[in-house]
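Visitor: So here's final29.cif (mmCIF, C-alpha atoms and all ligand atoms).
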data_model
loop_
_atom_site.group_PDB
_atom_site.id
_atom_site.type_symbol
_atom_site.label_atom_id
_atom_site.label_comp_id
_atom_site.auth_asym_id
_atom_site.auth_seq_id
_atom_site.Cartn_x
_atom_site.Cartn_y
_atom_site.Cartn_z
ATOM 1 C CA MET A 1 0.000 0.000 0.000
ATOM 2 C CA LEU A 2 2.851 2.357 0.900
ATOM 3 C CA GLU A 3 6.202 2.041 -0.868
ATOM 4 C CA VAL A 4 9.083 4.237 0.202
ATOM 5 C CA THR A 5 12.113 4.003 -2.076
ATOM 6 C CA GLY A 6 15.488 5.638 -1.465
ATOM 7 C CA LEU A 7 13.936 8.388 0.626
ATOM 8 C CA HIS A 8 16.348 11.140 1.542
ATOM 9 C CA VAL A 9 15.697 14.056 3.914
ATOM 10 C CA ALA A 10 18.142 16.849 4.661
ATOM 11 C CA TYR A 11 17.982 20.039 6.678
ATOM 12 C CA GLY A 12 20.557 22.290 5.102
ATOM 13 C CA GLY A 13 23.744 20.285 5.451
ATOM 14 C CA ILE A 14 22.295 17.792 7.970
ATOM 15 C CA GLN A 15 21.395 14.402 6.470
ATOM 16 C CA ALA A 16 18.461 13.294 8.624
ATOM 17 C CA VAL A 17 17.280 10.360 6.465
ATOM 18 C CA ARG A 18 19.744 8.569 4.192
ATOM 19 C CA SER A 19 18.151 6.725 1.317
ATOM 20 C CA ILE A 20 15.769 4.436 3.169
ATOM 21 C CA THR A 21 13.543 1.848 1.490
ATOM 22 C CA PHE A 22 10.617 0.140 3.173
ATOM 23 C CA HIS A 23 6.961 -0.701 2.639
ATOM 24 C CA VAL A 24 3.688 -1.179 4.432
ATOM 25 C CA ASN A 25 1.169 -3.715 3.126
ATOM 26 C CA GLU A 26 -2.554 -3.132 3.240
ATOM 27 C CA GLY A 27 -4.007 -4.030 6.645
ATOM 28 C CA GLU A 28 -0.635 -4.242 8.370
ATOM 29 C CA THR A 29 0.680 -2.379 11.364
ATOM 30 C CA VAL A 30 4.378 -1.696 10.829
ATOM 31 C CA ALA A 31 6.639 -0.272 13.534
ATOM 32 C CA LEU A 32 9.466 2.135 12.792
ATOM 33 C CA ILE A 33 11.608 2.174 15.903
ATOM 34 C CA GLY A 34 14.842 3.875 16.821
ATOM 35 C CA ALA A 35 16.504 6.230 19.262
ATOM 36 C CA ASN A 36 15.898 9.949 19.510
ATOM 37 C CA GLY A 37 17.362 11.661 16.440
ATOM 38 C CA ALA A 38 17.353 8.534 14.265
ATOM 39 C CA GLY A 39 15.210 10.189 11.595
ATOM 40 C CA LYS A 40 11.782 8.690 12.330
ATOM 41 C CA THR A 41 9.818 11.943 12.436
ATOM 42 C CA SER A 42 11.579 13.257 9.339
ATOM 43 C CA THR A 43 10.539 10.082 7.529
ATOM 44 C CA LEU A 44 6.877 10.487 8.492
ATOM 45 C CA LYS A 45 6.908 14.192 7.664
ATOM 46 C CA ALA A 46 8.346 13.505 4.223
ATOM 47 C CA ILE A 47 5.707 10.827 3.543
ATOM 48 C CA ALA A 48 2.949 13.185 4.731
ATOM 49 C CA ARG A 49 4.444 16.013 2.629
ATOM 50 C CA VAL A 50 4.894 18.258 5.663
ATOM 51 C CA ILE A 51 8.475 18.637 4.448
ATOM 52 C CA ASP A 52 10.044 18.082 1.039
ATOM 53 C CA ALA A 53 12.236 15.051 0.577
ATOM 54 C CA ALA A 54 15.666 15.690 -0.898
ATOM 55 C CA GLY A 55 15.421 12.503 -2.932
ATOM 56 C CA GLY A 56 13.631 9.215 -3.393
ATOM 57 C CA ASP A 57 10.049 8.255 -4.133
ATOM 58 C CA VAL A 58 6.908 7.528 -2.172
ATOM 59 C CA HIS A 59 4.087 5.540 -3.779
ATOM 60 C CA PHE A 60 0.686 5.082 -2.178
ATOM 61 C CA ARG A 61 -1.703 2.517 -3.684
ATOM 62 C CA GLY A 62 0.428 2.498 -6.817
ATOM 63 C CA GLU A 63 0.439 6.256 -7.270
ATOM 64 C CA LYS A 64 3.468 8.462 -6.832
ATOM 65 C CA ILE A 65 2.710 10.934 -4.048
ATOM 66 C CA SER A 66 6.147 12.349 -3.355
ATOM 67 C CA ARG A 67 5.390 15.601 -5.187
ATOM 68 C CA ILE A 68 1.703 16.205 -4.545
ATOM 69 C CA ALA A 69 0.412 19.083 -2.393
ATOM 70 C CA PRO A 70 0.069 18.306 1.327
ATOM 71 C CA HIS A 71 -3.669 19.066 1.374
ATOM 72 C CA ALA A 72 -4.194 16.660 -1.530
ATOM 73 C CA LEU A 73 -2.667 13.894 0.522
ATOM 74 C CA ILE A 74 -5.473 13.724 3.057
ATOM 75 C CA ARG A 75 -7.927 13.230 0.181
ATOM 76 C CA LYS A 76 -5.819 10.311 -1.001
ATOM 77 C CA GLY A 77 -6.406 8.735 2.406
ATOM 78 C CA ILE A 78 -3.303 9.436 4.461
ATOM 79 C CA ALA A 79 -3.624 10.959 7.941
ATOM 80 C CA LEU A 80 -0.688 11.957 10.134
ATOM 81 C CA VAL A 81 -0.951 12.163 13.904
ATOM 82 C CA PRO A 82 2.095 14.332 14.536
ATOM 83 C CA GLU A 83 4.576 14.180 17.366
ATOM 84 C CA GLY A 84 3.253 16.567 20.012
ATOM 85 C CA ARG A 85 -0.327 15.916 18.799
ATOM 86 C CA GLY A 86 -1.089 19.292 17.180
ATOM 87 C CA VAL A 87 -4.678 19.655 18.399
ATOM 88 C CA PHE A 88 -6.317 23.084 18.083
ATOM 89 C CA PRO A 89 -6.119 24.290 21.703
ATOM 90 C CA ARG A 90 -8.813 26.970 21.460
ATOM 91 C CA LEU A 91 -11.367 24.740 19.811
ATOM 92 C CA THR A 92 -13.490 22.257 21.729
ATOM 93 C CA VAL A 93 -13.007 18.519 21.523
ATOM 94 C CA LEU A 94 -16.028 18.233 19.247
ATOM 95 C CA GLU A 95 -14.831 21.076 17.007
ATOM 96 C CA ASN A 96 -11.419 19.433 16.713
ATOM 97 C CA LEU A 97 -13.040 16.155 15.702
ATOM 98 C CA ARG A 98 -15.249 17.880 13.132
ATOM 99 C CA MET A 99 -12.161 19.629 11.715
ATOM 100 C CA GLY A 100 -10.788 16.178 11.018
ATOM 101 C CA ALA A 101 -13.724 15.580 8.682
ATOM 102 C CA PHE A 102 -13.367 18.877 6.810
ATOM 103 C CA ILE A 103 -12.639 17.178 3.490
ATOM 104 C CA ARG A 104 -15.828 15.126 3.674
ATOM 105 C CA ASP A 105 -19.349 16.002 2.600
ATOM 106 C CA ASP A 106 -21.093 12.800 3.714
ATOM 107 C CA ALA A 107 -22.857 14.334 6.723
ATOM 108 C CA VAL A 108 -24.560 11.140 7.886
ATOM 109 C CA ASP A 109 -21.363 9.086 7.863
ATOM 110 C CA ILE A 110 -19.557 11.835 9.738
ATOM 111 C CA GLU A 111 -22.019 11.403 12.619
ATOM 112 C CA THR A 112 -21.461 7.638 12.504
ATOM 113 C CA ASP A 113 -17.714 8.137 12.654
ATOM 114 C CA LEU A 114 -18.034 10.568 15.559
ATOM 115 C CA GLU A 115 -19.846 7.845 17.478
ATOM 116 C CA MET A 116 -17.099 5.391 16.487
ATOM 117 C CA VAL A 117 -14.416 7.748 17.860
ATOM 118 C CA PHE A 118 -16.419 8.261 21.062
ATOM 119 C CA GLY A 119 -16.729 4.490 21.273
ATOM 120 C CA TYR A 120 -12.958 4.133 21.148
ATOM 121 C CA PHE A 121 -12.427 7.065 23.528
ATOM 122 C CA PRO A 122 -15.410 7.543 25.895
ATOM 123 C CA ARG A 123 -13.342 10.170 27.674
ATOM 124 C CA LEU A 124 -13.593 12.425 24.611
ATOM 125 C CA LYS A 125 -17.375 12.121 24.662
ATOM 126 C CA GLU A 126 -17.419 13.211 28.326
ATOM 127 C CA ARG A 127 -15.287 16.215 27.398
ATOM 128 C CA GLU A 128 -16.769 17.083 24.006
ATOM 129 C CA SER A 129 -17.456 20.734 24.964
ATOM 130 C CA GLN A 130 -14.101 21.239 26.698
ATOM 131 C CA LEU A 131 -11.369 23.311 25.017
ATOM 132 C CA ALA A 132 -8.706 20.974 23.679
ATOM 133 C CA GLY A 133 -5.932 23.071 25.239
ATOM 134 C CA THR A 134 -7.245 22.197 28.711
ATOM 135 C CA LEU A 135 -7.045 18.415 28.162
ATOM 136 C CA SER A 136 -4.314 16.276 29.696
ATOM 137 C CA GLY A 137 -1.530 15.041 27.427
ATOM 138 C CA GLY A 138 -3.120 11.613 27.132
ATOM 139 C CA GLU A 139 -6.505 13.075 26.307
ATOM 140 C CA GLN A 140 -4.904 15.290 23.653
ATOM 141 C CA GLN A 141 -3.297 12.196 22.151
ATOM 142 C CA MET A 142 -6.723 10.530 22.077
ATOM 143 C CA LEU A 143 -8.127 13.621 20.395
ATOM 144 C CA ALA A 144 -5.326 13.739 17.828
ATOM 145 C CA ILE A 145 -5.950 10.089 16.903
ATOM 146 C CA GLY A 146 -9.709 10.649 16.891
ATOM 147 C CA ARG A 147 -9.348 13.672 14.646
ATOM 148 C CA ALA A 148 -7.198 11.691 12.216
ATOM 149 C CA LEU A 149 -9.808 8.898 12.136
ATOM 150 C CA MET A 150 -12.482 11.471 11.255
ATOM 151 C CA SER A 151 -10.894 11.876 7.818
ATOM 152 C CA ARG A 152 -11.571 8.143 7.204
ATOM 153 C CA PRO A 153 -7.980 7.460 6.253
ATOM 154 C CA LYS A 154 -6.739 4.334 4.526
ATOM 155 C CA LEU A 155 -3.309 4.774 6.099
ATOM 156 C CA LEU A 156 -2.652 6.176 9.556
ATOM 157 C CA LEU A 157 0.792 7.580 10.354
ATOM 158 C CA LEU A 158 1.365 7.753 14.129
ATOM 159 C CA ASP A 159 4.373 9.641 15.487
ATOM 160 C CA GLU A 160 5.254 8.583 19.046
ATOM 161 C CA PRO A 161 1.748 8.202 20.446
ATOM 162 C CA SER A 162 3.195 7.104 23.820
ATOM 163 C CA MET A 163 5.523 10.074 24.236
ATOM 164 C CA GLY A 164 5.336 11.771 27.631
ATOM 165 C CA LEU A 165 2.309 9.798 28.810
ATOM 166 C CA ALA A 166 1.742 7.923 32.058
ATOM 167 C CA PRO A 167 1.838 4.113 31.661
ATOM 168 C CA ILE A 168 -1.910 3.721 32.218
ATOM 169 C CA MET A 169 -2.615 6.244 29.464
ATOM 170 C CA VAL A 170 -0.118 4.548 27.147
ATOM 171 C CA GLN A 171 -2.018 1.263 27.686
ATOM 172 C CA LYS A 172 -5.328 2.913 26.808
ATOM 173 C CA ILE A 173 -3.952 4.565 23.667
ATOM 174 C CA PHE A 174 -2.377 1.327 22.469
ATOM 175 C CA GLU A 175 -5.554 -0.657 23.148
ATOM 176 C CA VAL A 176 -7.295 1.680 20.726
ATOM 177 C CA ILE A 177 -4.472 1.523 18.165
ATOM 178 C CA ARG A 178 -4.787 -2.276 18.197
ATOM 179 C CA ALA A 179 -8.579 -2.067 17.933
ATOM 180 C CA VAL A 180 -8.345 0.339 14.998
ATOM 181 C CA ALA A 181 -5.854 -2.030 13.353
ATOM 182 C CA SER A 182 -8.145 -5.008 13.955
ATOM 183 C CA ALA A 183 -10.930 -3.085 12.236
ATOM 184 C CA GLY A 184 -8.743 -3.120 9.101
ATOM 185 C CA MET A 185 -6.698 0.081 9.246
ATOM 186 C CA THR A 186 -3.177 0.148 7.805
ATOM 187 C CA ILE A 187 -0.802 1.788 10.284
ATOM 188 C CA LEU A 188 2.781 3.024 10.243
ATOM 189 C CA LEU A 189 3.705 3.369 13.892
ATOM 190 C CA VAL A 190 6.762 5.402 14.882
ATOM 191 C CA GLU A 191 7.900 4.821 18.463
ATOM 192 C CA GLN A 192 10.839 5.072 20.804
ATOM 193 C CA ASN A 193 8.974 2.570 22.965
ATOM 194 C CA ALA A 194 10.206 -0.346 20.892
ATOM 195 C CA ARG A 195 8.680 -3.128 22.954
ATOM 196 C CA LEU A 196 5.180 -1.720 22.867
ATOM 197 C CA ALA A 197 5.448 -0.808 19.188
ATOM 198 C CA LEU A 198 6.679 -4.262 18.154
ATOM 199 C CA GLN A 199 4.092 -5.980 20.348
ATOM 200 C CA SER A 200 1.415 -4.063 18.438
ATOM 201 C CA SER A 201 2.835 -4.666 14.939
ATOM 202 C CA GLN A 202 3.271 -7.449 12.398
ATOM 203 C CA ARG A 203 6.604 -6.171 11.091
ATOM 204 C CA GLY A 204 9.176 -3.610 12.063
ATOM 205 C CA TYR A 205 12.127 -1.557 10.860
ATOM 206 C CA VAL A 206 14.935 -0.257 13.040
ATOM 207 C CA MET A 207 16.300 3.179 12.198
ATOM 208 C CA GLU A 208 19.738 4.369 13.234
ATOM 209 C CA SER A 209 21.436 7.614 12.189
ATOM 210 C CA GLY A 210 19.093 8.126 9.257
ATOM 211 C CA GLY A 211 19.320 4.585 7.868
ATOM 212 C CA ILE A 212 17.414 1.334 8.308
ATOM 213 C CA THR A 213 19.725 -1.150 9.975
ATOM 214 C CA LEU A 214 17.360 -4.051 10.678
ATOM 215 C CA SER A 215 13.964 -5.237 9.547
ATOM 216 C CA GLY A 216 11.771 -8.265 9.984
ATOM 217 C CA ASP A 217 8.733 -9.773 11.624
ATOM 218 C CA ALA A 218 7.915 -8.002 14.854
ATOM 219 C CA ALA A 219 8.256 -11.242 16.835
ATOM 220 C CA GLU A 220 11.731 -11.838 15.353
ATOM 221 C CA LEU A 221 12.851 -8.315 16.176
ATOM 222 C CA LEU A 222 11.594 -8.686 19.753
ATOM 223 C CA ASP A 223 13.859 -11.754 20.003
ATOM 224 C CA ASP A 224 16.846 -10.243 18.218
ATOM 225 C CA PRO A 225 19.832 -9.857 20.587
ATOM 226 C CA LYS A 226 20.857 -6.519 19.021
ATOM 227 C CA VAL A 227 17.344 -5.136 19.355
ATOM 228 C CA ARG A 228 17.069 -6.450 22.903
ATOM 229 C CA ALA A 229 20.341 -4.847 23.912
ATOM 230 C CA ALA A 230 19.834 -1.507 22.195
ATOM 231 C CA TYR A 231 16.090 -0.896 22.399
ATOM 232 C CA LEU A 232 14.486 -3.179 24.954
ATOM 233 C CA GLY A 233 16.780 -2.332 27.854
ATOM 234 C CA GLU A 234 18.109 -5.882 28.305
HETATM 235 N N1 LIG B 301 13.849 21.239 11.511
HETATM 236 C C1 LIG B 301 15.067 20.707 11.628
HETATM 237 N N2 LIG B 301 16.191 21.419 11.327
HETATM 238 C C2 LIG B 301 17.414 20.858 11.426
HETATM 239 N N3 LIG B 301 17.648 19.595 11.819
HETATM 240 C C3 LIG B 301 16.590 18.847 12.140
HETATM 241 C C4 LIG B 301 15.247 19.349 12.073
HETATM 242 N N4 LIG B 301 14.390 18.368 12.447
HETATM 243 C C5 LIG B 301 15.165 17.297 12.742
HETATM 244 N N5 LIG B 301 16.472 17.573 12.568
HETATM 245 C C6 LIG B 301 17.600 16.649 12.756
HETATM 246 O O1 LIG B 301 17.373 15.520 11.948
HETATM 247 C C7 LIG B 301 17.737 14.325 12.635
HETATM 248 C C8 LIG B 301 16.557 13.391 12.705
HETATM 249 O O2 LIG B 301 15.537 13.972 13.517
HETATM 250 P P1 LIG B 301 14.093 13.341 13.659
HETATM 251 O O3 LIG B 301 13.594 12.984 12.325
HETATM 252 O O4 LIG B 301 13.271 14.271 14.469
HETATM 253 O O5 LIG B 301 14.413 12.006 14.481
HETATM 254 P P2 LIG B 301 13.516 11.141 15.463
HETATM 255 O O6 LIG B 301 12.078 11.434 15.172
HETATM 256 O O7 LIG B 301 13.905 9.731 15.167
HETATM 257 O O8 LIG B 301 13.881 11.529 16.853
HETATM 258 C C9 LIG B 301 18.266 14.771 13.991
HETATM 259 O O9 LIG B 301 19.659 14.853 13.903
HETATM 260 C C10 LIG B 301 17.648 16.130 14.170
HETATM 261 O O10 LIG B 301 18.454 16.933 14.988
HETATM 262 MG MG MG B 302 10.561 12.033 16.400
#
Hey, can you dump this file as structure tokens for me?
Ligand SMILES: Nc1ncnc2c1ncn2[C@@H]1O[C@H](COP(=O)(O)OP(=O)(O)O)[C@@H](O)[C@H]1O
Ligand SMILES: [Mg+2]

Guide:
Amino acid sequence: MLEVTGLHVAYGGIQAVRSITFHVNEGETVALIGANGAGKTSTLKAIARVIDAAGGDVHFRGEKISRIAPHALIRKGIALVPEGRGVFPRLTVLENLRMGAFIRDDAVDIETDLEMVFGYFPRLKERESQLAGTLSGGEQQMLAIGRALMSRPKLLLLDEPSMGLAPIMVQKIFEVIRAVASAGMTILLVEQNARLALQSSQRGYVMESGGITLSGDAAELLDDPKVRAAYLGE
């Protein structure tokens, strides 16, 4: 479904992503793990067209998307939940969720999807009139994921959904990620929390200094001595 070929990202003279190649099949959850600074966010931003790649190609459902306008991307069916969440702080929870559906004109289905999001995150329903800026970090993460789901994406790009959250909140968020995946969503999951990410994925890629150094089935990576030593704290 997603094919990334020789992707290169640079900031001025800094090579953040060095010619990486990987793919995500339809219906899969794929983890992209690696230490802080490895190039994970730059990779997601380049796929989502938030930044321009310096080289390489991205194909989505057979179509080259590496040059299309960022706003066109959401219509193609790609939604990014950015690092740091990016909710609209001065809008309510409900307004944020409706913003997620701005590209859609199927009013009835939008209401159905709102109920689906509230089903995943009852806490958002309880707080639907609350300003997003007053939510806790975990609740904002829920809102960011909910807002992305409101665009009815075919591919969900998640950048560090566990970052800065209490363990109980991380559990809740990941329960929903797994439920969304079980419902058929294709997910590219970027995480520093390698164990959790791999436990929630079918396959994974390890990024180091801008390159992919290891890849394989998630279960294999969880067992790999190098992964265990470097990313699982063993
Ligand atoms: N806007 C930017 N300007 C300059 N360098 C950046 C910028 N964003 C990221 N970098 C650098 O690119 C590299 C990869 O960063 P990033 O993609 O954020 O990694 P990760 O998400 O894996 O932590 C790092 O060395 C980082 O300092
Ligand atoms: Mg990052």

Visitor: Suppose you want the space between atom CA of A:Tyr11 and atom CA of A:Arg67; what is it in Å?

Guide: 17.9 Å

Visitor: I need the residue nearest ligand LIG 301 (chain B) from this list: A:Glu83, A:Glu111, A:Glu139, A:Asp105. Use all atoms listed in the file for the distance.

Guide: A:Glu83

Visitor: Which protein, DNA or RNA residues have an atom within 9 Å of ligand MG 302 (chain B), counting all atoms listed in the file, as a ChimeraX atom specification?

Guide: /A:35-42,44,82-83,159-160,190-192

Visitor: Care to translate the PyMOL selection byres (((chain A and resi 209) around 12) and not hetatm) into actual residues of this file, as a PDB file with C-alpha atoms, in the coordinates of the input?

Guide:
ATOM      1  CA  VAL A   9      15.697  14.056   3.914  1.00  0.00           C
ATOM      2  CA  ILE A  14      22.295  17.792   7.970  1.00  0.00           C
ATOM      3  CA  GLN A  15      21.395  14.402   6.470  1.00  0.00           C
ATOM      4  CA  ALA A  16      18.461  13.294   8.624  1.00  0.00           C
ATOM      5  CA  VAL A  17      17.280  10.360   6.465  1.00  0.00           C
ATOM      6  CA  ARG A  18      19.744   8.569   4.192  1.00  0.00           C
ATOM      7  CA  SER A  19      18.151   6.725   1.317  1.00  0.00           C
ATOM      8  CA  ILE A  20      15.769   4.436   3.169  1.00  0.00           C
ATOM      9  CA  ILE A  33      11.608   2.174  15.903  1.00  0.00           C
ATOM     10  CA  GLY A  34      14.842   3.875  16.821  1.00  0.00           C
ATOM     11  CA  ALA A  35      16.504   6.230  19.262  1.00  0.00           C
ATOM     12  CA  ASN A  36      15.898   9.949  19.510  1.00  0.00           C
ATOM     13  CA  GLY A  37      17.362  11.661  16.440  1.00  0.00           C
ATOM     14  CA  ALA A  38      17.353   8.534  14.265  1.00  0.00           C
ATOM     15  CA  GLY A  39      15.210  10.189  11.595  1.00  0.00           C
ATOM     16  CA  LYS A  40      11.782   8.690  12.330  1.00  0.00           C
ATOM     17  CA  SER A  42      11.579  13.257   9.339  1.00  0.00           C
ATOM     18  CA  VAL A 206      14.935  -0.257  13.040  1.00  0.00           C
ATOM     19  CA  MET A 207      16.300   3.179  12.198  1.00  0.00           C
ATOM     20  CA  GLU A 208      19.738   4.369  13.234  1.00  0.00           C
ATOM     21  CA  GLY A 210      19.093   8.126   9.257  1.00  0.00           C
ATOM     22  CA  GLY A 211      19.320   4.585   7.868  1.00  0.00           C
ATOM     23  CA  ILE A 212      17.414   1.334   8.308  1.00  0.00           C
ATOM     24  CA  THR A 213      19.725  -1.150   9.975  1.00  0.00           C
TER      25      THR A 213
END

Visitor: So how many Å separate atom CA of A:Glu28 and atom CA of A:Ile187, to one decimal?

Guide: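 Result for atom CA of A:Glu28 versus atom CA of A:Ile187: 6.3 Å, one decimal.
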
Visitor: May I have the residues within 9 Å of A:Arg61 as a list in words, using all atoms listed in the file and disregarding those fewer than 6 positions away in the same chain?

Guide: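 Answer for this query is Met1, Leu2, Glu3 and Glu26 of chain A.
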
Visitor: Using only C-alpha atoms, please write the residues we just selected to a file, as a short mmCIF file (atom, residue, chain, number, x, y, z; two decimals), keeping the file's coordinate frame.

Guide:
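For reference, selection04.cif as written:
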data_model
loop_
_atom_site.label_atom_id
_atom_site.label_comp_id
_atom_site.auth_asym_id
_atom_site.auth_seq_id
_atom_site.Cartn_x
_atom_site.Cartn_y
_atom_site.Cartn_z
CA MET A 1 0.00 0.00 0.00
CA LEU A 2 2.85 2.36 0.90
CA GLU A 3 6.20 2.04 -0.87
CA GLU A 26 -2.55 -3.13 3.24
#

Visitor: Nearest to ligand LIG 301 (chain B) among A:Ile145, A:Val30, A:Pro167, A:Asn193, with distances taken over only C-alpha atoms and all ligand atoms: which residue is it?

Guide: A:Asn193

Visitor: Name every residue that the PyMOL selection byres (((chain A and resi 114) around 12) and not hetatm) selects in this structure, writing the answer as a ChimeraX atom specification with chains first and numbers rising.

Guide: /A:93-101,107-113,115-122,124-125,128,143,146-152

Visitor: Please produce a file of the residues just selected, as a tab-separated table (two decimals), in the frame of the given file, where the atoms kept are C-alpha atoms.

Guide:
chain	number	residue	atom	x	y	z
A	93	VAL	CA	-13.01	18.52	21.52
A	94	LEU	CA	-16.03	18.23	19.25
A	95	GLU	CA	-14.83	21.08	17.01
A	96	ASN	CA	-11.42	19.43	16.71
A	97	LEU	CA	-13.04	16.16	15.70
A	98	ARG	CA	-15.25	17.88	13.13
A	99	MET	CA	-12.16	19.63	11.72
A	100	GLY	CA	-10.79	16.18	11.02
A	101	ALA	CA	-13.72	15.58	8.68
A	107	ALA	CA	-22.86	14.33	6.72
A	108	VAL	CA	-24.56	11.14	7.89
A	109	ASP	CA	-21.36	9.09	7.86
A	110	ILE	CA	-19.56	11.84	9.74
A	111	GLU	CA	-22.02	11.40	12.62
A	112	THR	CA	-21.46	7.64	12.50
A	113	ASP	CA	-17.71	8.14	12.65
A	115	GLU	CA	-19.85	7.84	17.48
A	116	MET	CA	-17.10	5.39	16.49
A	117	VAL	CA	-14.42	7.75	17.86
A	118	PHE	CA	-16.42	8.26	21.06
A	119	GLY	CA	-16.73	4.49	21.27
A	120	TYR	CA	-12.96	4.13	21.15
A	121	PHE	CA	-12.43	7.06	23.53
A	122	PRO	CA	-15.41	7.54	25.90
A	124	LEU	CA	-13.59	12.42	24.61
A	125	LYS	CA	-17.38	12.12	24.66
A	128	GLU	CA	-16.77	17.08	24.01
A	143	LEU	CA	-8.13	13.62	20.40
A	146	GLY	CA	-9.71	10.65	16.89
A	147	ARG	CA	-9.35	13.67	14.65
A	148	ALA	CA	-7.20	11.69	12.22
A	149	LEU	CA	-9.81	8.90	12.14
A	150	MET	CA	-12.48	11.47	11.26
A	151	SER	CA	-10.89	11.88	7.82
A	152	ARG	CA	-11.57	8.14	7.20

Visitor: Can you list, as a PDB file with C-alpha atoms, in the coordinates of the input, every protein, DNA or RNA residue that comes within 10 Å of A:Gly86 when you count all atoms listed in the file, leaving out same-chain residues fewer than 6 positions away?

Guide:
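Written out: out_33.pdb:
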ATOM      1  CA  GLN A 140      -4.904  15.290  23.653  1.00  0.00           C
ATOM      2  CA  GLN A 141      -3.297  12.196  22.151  1.00  0.00           C
ATOM      3  CA  LEU A 143      -8.127  13.621  20.395  1.00  0.00           C
ATOM      4  CA  ALA A 144      -5.326  13.739  17.828  1.00  0.00           C
TER       5      ALA A 144
END

Visitor: Box in all listed atoms of ligand LIG 301 (chain B), axis-aligned, with 3 Å more on each side; write out centre and edge lengths in Å to one decimal as lines of an AutoDock Vina configuration file.

Guide:
center_x = 15.9
center_y = 15.6
center_z = 14.1
size_x = 13.6
size_y = 17.7
size_z = 11.5

Visitor: Tell me, in Å to one decimal, how far atom CA of A:Gly164 is from atom CA of A:Gly84.

Guide: 9.2 Å

Visitor: Leaving out A:Ser201 and any residue of its chain fewer than 6 positions from it, which residues lie within 12 Å of it when counting all atoms listed in the file, given as number ranges by chain?

Guide: A: 24-25, 27-33, 174, 177-178, 181-182, 186-191, 194-195, 216-222

Visitor: If you count only C-alpha atoms, which residues fall within 10 Å of A:Ala69, apart from same-chain ones fewer than 5 positions away, as a list in words?

Guide: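 Residues meeting the cut-off are Ala48, Arg49, Val50 and Ile74 of chain A.
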
Visitor: Under the rule that all atoms listed in the file are counted, which of A:Leu73, A:Ala10, A:Met142, A:Val176 is the nearest residue to ligand LIG 301 (chain B)?

Guide: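 Closest to ligand LIG 301 (chain B) of all the choices is A:Ala10.
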
Visitor: Which residue gives the smallest distance to ligand LIG 301 (chain B) among A:Leu158, A:Ala179, A:Ile78, A:Val87, with only C-alpha atoms and all ligand atoms counted?

Guide: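 Among the listed residues, A:Leu158 lies closest to ligand LIG 301 (chain B).
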
Visitor: Taking only C-alpha atoms into account, which of A:Leu196, A:Ile173, A:Leu91, A:Leu157 comes nearest A:Ala132?

Guide: A:Leu91

Visitor: Which residue, A:Lys45, A:Lys172, A:His8, A:Arg104, has the smallest gap to ligand LIG 301 (chain B) when you use all atoms listed in the file?

Guide: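 Looking only at the distances to ligand LIG 301 (chain B), the closest residue turns out to be A:Lys45.
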
Visitor: When you write stretch 54-62 of chain A out from the block above, keep N, CA, C and O atoms and present the result as a compact mmCIF listing (two decimals), in the first residue's frame, please.

Guide:
# COMPACT_ATOMS: atom_id res chain seq x y z
N ALA A 54 14.57 15.27 -0.03
CA ALA A 54 15.67 15.69 -0.90
C ALA A 54 15.87 14.69 -2.03
O ALA A 54 16.52 14.99 -3.03
N GLY A 55 15.30 13.51 -1.88
CA GLY A 55 15.42 12.50 -2.93
C GLY A 55 14.58 11.28 -2.60
O GLY A 55 14.11 11.13 -1.48
N GLY A 56 14.39 10.44 -3.60
CA GLY A 56 13.63 9.21 -3.39
C GLY A 56 12.18 9.37 -3.81
O GLY A 56 11.76 10.45 -4.23
N ASP A 57 11.45 8.28 -3.69
CA ASP A 57 10.05 8.26 -4.13
C ASP A 57 9.16 7.67 -3.05
O ASP A 57 9.59 6.79 -2.29
N VAL A 58 7.92 8.15 -3.02
CA VAL A 58 6.91 7.53 -2.17
C VAL A 58 5.71 7.21 -3.06
O VAL A 58 5.22 8.09 -3.78
N HIS A 59 5.29 5.95 -3.06
CA HIS A 59 4.09 5.54 -3.78
C HIS A 59 3.04 5.08 -2.78
O HIS A 59 3.36 4.39 -1.80
N PHE A 60 1.80 5.48 -3.03
CA PHE A 60 0.69 5.08 -2.18
C PHE A 60 -0.39 4.49 -3.08
O PHE A 60 -0.85 5.16 -4.00
N ARG A 61 -0.73 3.23 -2.86
CA ARG A 61 -1.70 2.52 -3.68
C ARG A 61 -1.34 2.65 -5.16
O ARG A 61 -2.19 2.92 -6.00
N GLY A 62 -0.04 2.51 -5.44
CA GLY A 62 0.43 2.50 -6.82
C GLY A 62 0.67 3.86 -7.44
O GLY A 62 1.17 3.95 -8.55
